[in-house]
Amino acid sequence: MYAGSFFKWSIAAVLCGFLTVSSAAADSHGKASADFIRSLADKAITSLTDPETPRSERIERFRTLFNDSFAVRSIGKRALGRYWRQASDTEKTRYEKLFENLMVVTYVDRFANYAGEALDIEKSRVEDKSIATVFTQIMRKGGAKPIRVEWIVGTNGVIYKIVDVKVEGVSMTQTLSSDFASIIRRGGGIPGLLDELEKKTAQLSAAK
Amino acid sequence: MSFFRSRVPNNCAALFLAGVVLVLAGCAVPPPVSDKEAWTEYQEVNDPLEPTNRKILAFNRGVDSAVLKPAATAYRDYLPGWLRTMVGNFLDHLRAPVVFVNDVLQGEGDRALTTLNRFWINTGLGFGLLDMADAMGIEGHDEDFGQTLAVWGVPSGPFVMLPLYGPSNPRDAVGRVVDFLADPFNIWTANTDHEHLRFARAGTLAVDVRAGSLDLIEDLEKSSLDFYASIRSLYRQRRADEISNGKGSANLPAPGISGLPDRPVFDAALQMSRR
């Protein structure tokens, strides 16, 4: 395995060089964002992985975690895109509530499943003075390929919130936005979207 | 010469037929150009064949739930992990020549060398079944001619849903055909009457890929209001990610970054959520 160790060493050398350079250049919020994701993963493990917890209780715990860690309003607003400006105040209020509910019941099970698997934080990259990307991999059990997840974290210097999540290059916000826009465009309008959201959320809350 | 003598594979015929069907079928009605935002959105969605595409998706989902999904679920649940890893490695190994050629065509010298090194290491030490190169820290990657065309600056063209093959666009569909014709394995099977091996490979690949996306698709089916629109968005984003080799790039649509809120919006959001 002479060749093997040679490759390992050369790659390790390159990586070391890279890490020194990047950490020296990085603003402090790059590292802080990575720490923020680490602590979110730890919280998810302690509050969501116990199989004894009833689902309704898990949903409420996840709701707290989700609101604490994600910029929910900002994500919801971007998911609605240009239609946000066209919505009335009543519609906006109703949308924000429904959006939060949809996110919570959609992701509670997935989060609980993945919380048990190892989350490797690989690096963080500062995008500008308020945004950093944290690159992670979810290591799967049983020979499945690891999943590449990037967390886009925003900060005002004091608190940190996730503004988008990209799984294998697919942005949560962008996918939601295409989904919502399609419902609105296909004749439902904003009221149609709200009705669909309500239906979907009810369906998902009832599941299991 | 063998390349030119090889028979035109029937899969290609199916692709071309699909193209003809799409052209003959119904079109989406564009909004008036005077409605600027709606017009921009229509062009971004770039899906003039949407009504037909939706019907094809419904057909594909029927086939999927009757055949592919059960097979992929059984494959994932009943085969041991090491065996699935070997199957995956072998499928990747068969693809190496096509990946290598596309690395070269994209001017990615280092990545081409990686593919070449992986090929001889895995042939010699792993019989194509074990990924010894990965254990040495030489990670594999995929490439295809659709991505090569994108790197060369060829636009994707409108979104299309191909029967059985799923989401695509003219550029990627052409890419598939070219990769197929250039693949030494396919040329060999076509010229030596080993067609059954080609079908076996295609079938195994379909099951392997589907097994890898079981959770993802299930999540999307569960959470999306309009599954078709979500699949369309997902396909575009995945391809943009693959074309940029997972790095994102200034001249490609980098999902997420372009959609980031500007600072005032973000600060306002933080203020609101702190209450």
# chains A, B, ... in the order shown; residues from 1 in each chain; ligands from 1
$ residues_around --residues "segment 170-185 of chain B" --least-positions-apart "3" --cutoff "7 Å" --atoms "only C-alpha atoms" --output "number ranges by chain"
B: 12, 97-98, 144-146, 156-157, 188-189
$ residues_around --residues "segment 139-143 of chain B" --least-positions-apart "5" --cutoff "12 Å" --atoms "only C-alpha atoms" --output "count of residues only"
52
$ interface_residues --of "chain B" --to "chain A" --cutoff "6 Å" --atoms "only C-alpha atoms" --output "PyMOL selection string"
chain B and resi 81+136+223+226+229-230+233+237-238+241+256+269
$ write_last_selection --atoms "C-alpha atoms" --output "compact mmCIF listing (two decimals), in the first residue's frame"
# COMPACT_ATOMS: atom_id res chain seq x y z
CA GLY B 81 -25.10 -3.23 2.38
CA MET B 136 -6.68 5.60 -0.99
CA SER B 223 -44.47 17.79 1.25
CA ASP B 226 -47.51 20.39 -6.88
CA ALA B 229 -43.36 21.70 -10.29
CA SER B 230 -41.14 20.42 -7.49
CA SER B 233 -37.20 22.62 -9.98
CA GLN B 237 -31.01 22.57 -9.52
CA ARG B 238 -29.36 19.14 -9.52
CA ASP B 241 -24.93 21.60 -9.28
CA GLY B 256 -29.71 29.59 -3.07
CA ALA B 269 -36.65 39.05 9.55
$ select_by_dssp --residues "segment 2-208 of chain A" --states "strand (DSSP E or B)" --output "VMD selection string"
chain A and resid 70 118 to 126 131 to 139 147 to 155 160 to 167 170 to 171
$ closest_residue --among "B:Arg201, B:Arg232, B:Arg76, B:His194" --to "Asn53 of chain B" --atoms "only C-alpha atoms"
B:Arg232
